[in-house]
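Asks: Pasting a structure below so you can have a look.
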Amino acid sequence: MCGTCKNTNIFTKCPGCGVSLCQDCSHLELIGSGCGCVWPVYYCITCSRDSAINPNAIFKYPEV
C-alpha cells in the first residue's frame, strides 16, 4: 500500500525512508556521480525536499 495515498498499486520504494510509493506519489530525480553515470531515483515528497537525502533538493527548493 502506498504510504502517501494508500493506493494498492505499488511502483517503487523511496530510497531515503523506505516507504512504498505508487507511480503518482513518486518523484523522479536523476542522480549523477563523478564518473558520468546517471541513475533514476524515485523519492517520496518528504525525501525529495530534504537536501540531506536528495542532492538535487537544494537546486529545486532553495527556501527549505
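Residues are referred to by chain and number: the chain letter is A, B, ... according to the order shown in the C-alpha cells, the number counts from 1 in that chain, and ligands are numbered separately from 1 in the order shown.
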Could you go through chain A and tell me which residues DSSP, when run on the backbone, assigns to strand (DSSP E or B), listing them as a list in words?

Replies: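 So, restricting chain A to strand (DSSP E or B), we get Thr12, Lys13, Ser20, Leu21, His27, Leu28, Glu29, Leu30, Ile31, Gly32, Val38, Trp39, Pro40, Val41, Tyr42 and Tyr43 of chain A.
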
Asks: Within 9 Å of range 5-9 of chain A, counting only C-alpha atoms, which residues show up once you throw out same-chain ones fewer than 2 positions away? Write them as a VMD selection string, please.

Replies: chain A and resid 1 to 3 11 21 to 25

Asks: I'd like the interatomic distance between CA of Gly36 in chain A and CA of Ser20 in chain A, to a tenth of an Å.

Replies: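 Separation between CA of Gly36 in chain A and CA of Ser20 in chain A: 28.9 Å.
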
Asks: Identify which of the residues A:Thr12, A:Cys17, A:Ile45, A:Glu29 lies closest to Phe59 in chain A, counting only C-alpha atoms when measuring atom-to-atom distances.

Replies: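 With only C-alpha atoms as the atom set, the closest residue is A:Glu29.
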
Asks: Check the DSSP output for the backbone and give back, as a ChimeraX atom specification, the residues of chain A in helix (DSSP H, G or I).

Replies: /A:45-48,57-60

Asks: Keeping only C-alpha atoms, write the selected residues as a short mmCIF file (atom, residue, chain, number, x, y, z; two decimals), in the first residue's frame.

Replies:
data_model
loop_
_atom_site.label_atom_id
_atom_site.label_comp_id
_atom_site.auth_asym_id
_atom_site.auth_seq_id
_atom_site.Cartn_x
_atom_site.Cartn_y
_atom_site.Cartn_z
CA ILE A 45 7.69 14.08 -1.38
CA THR A 46 9.37 14.46 2.03
CA CYS A 47 12.69 12.96 0.96
CA SER A 48 12.62 14.78 -2.40
CA ALA A 57 16.84 19.40 -3.48
CA ILE A 58 18.97 22.49 -2.89
CA PHE A 59 18.52 23.47 -6.55
CA LYS A 60 14.77 22.84 -6.65
#

Asks: Which is closest to Gly32 in chain A among A:Arg49, A:Pro55, A:Gly16, A:Thr4, if we use only C-alpha atoms?

Replies: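 Closest candidate: A:Pro55.
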
Asks: CA of Ser26 in chain A and CA of Val41 in chain A, how far apart in Å?

Replies: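 Distance between the two atoms: 9.2 Å.
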
Asks: Quick one: residues within 7 Å of Pro40 in chain A, only C-alpha atoms, excluding same-chain residues fewer than 5 positions away - as a ChimeraX atom specification?

Replies: /A:28-31

Asks: Using the selection just defined, write its residues with all heavy atoms as a PDB file, in the first residue's frame.

Replies:
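Heads up, here's the output in result_26.pdb:
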ATOM      1  N   LEU A  28      10.551  11.704  -9.464  1.00  0.00           N
ATOM      2  CA  LEU A  28      11.763  11.306 -10.182  1.00  0.00           C
ATOM      3  C   LEU A  28      12.868  12.330 -10.003  1.00  0.00           C
ATOM      4  O   LEU A  28      12.656  13.535 -10.161  1.00  0.00           O
ATOM      5  CB  LEU A  28      11.459  11.143 -11.677  1.00  0.00           C
ATOM      6  CG  LEU A  28      12.663  10.916 -12.584  1.00  0.00           C
ATOM      7  CD1 LEU A  28      13.315   9.564 -12.300  1.00  0.00           C
ATOM      8  CD2 LEU A  28      12.253  11.010 -14.039  1.00  0.00           C
ATOM      9  N   GLU A  29      14.049  11.838  -9.708  1.00  0.00           N
ATOM     10  CA  GLU A  29      15.267  12.641  -9.695  1.00  0.00           C
ATOM     11  C   GLU A  29      16.331  11.863 -10.453  1.00  0.00           C
ATOM     12  O   GLU A  29      16.338  10.634 -10.435  1.00  0.00           O
ATOM     13  CB  GLU A  29      15.762  12.883  -8.269  1.00  0.00           C
ATOM     14  CG  GLU A  29      14.872  13.746  -7.432  1.00  0.00           C
ATOM     15  CD  GLU A  29      14.878  15.213  -7.837  1.00  0.00           C
ATOM     16  OE1 GLU A  29      15.809  15.655  -8.548  1.00  0.00           O
ATOM     17  OE2 GLU A  29      13.944  15.910  -7.453  1.00  0.00           O
ATOM     18  N   LEU A  30      17.212  12.559 -11.122  1.00  0.00           N
ATOM     19  CA  LEU A  30      18.353  11.937 -11.783  1.00  0.00           C
ATOM     20  C   LEU A  30      19.582  12.254 -10.946  1.00  0.00           C
ATOM     21  O   LEU A  30      19.936  13.423 -10.770  1.00  0.00           O
ATOM     22  CB  LEU A  30      18.508  12.461 -13.205  1.00  0.00           C
ATOM     23  CG  LEU A  30      17.335  12.148 -14.123  1.00  0.00           C
ATOM     24  CD1 LEU A  30      17.521  12.822 -15.475  1.00  0.00           C
ATOM     25  CD2 LEU A  30      17.155  10.652 -14.298  1.00  0.00           C
ATOM     26  N   ILE A  31      20.187  11.218 -10.401  1.00  0.00           N
ATOM     27  CA  ILE A  31      21.340  11.362  -9.521  1.00  0.00           C
ATOM     28  C   ILE A  31      22.587  10.945 -10.283  1.00  0.00           C
ATOM     29  O   ILE A  31      22.649   9.843 -10.833  1.00  0.00           O
ATOM     30  CB  ILE A  31      21.178  10.479  -8.254  1.00  0.00           C
ATOM     31  CG1 ILE A  31      19.859  10.783  -7.557  1.00  0.00           C
ATOM     32  CG2 ILE A  31      22.355  10.662  -7.321  1.00  0.00           C
ATOM     33  CD1 ILE A  31      19.711  12.199  -7.060  1.00  0.00           C
TER      34      ILE A  31
END

Asks: Between CA of Cys37 in chain A and CA of Asp50 in chain A, what is the distance in Å, rounded to a tenth?

Replies: 22.2 Å
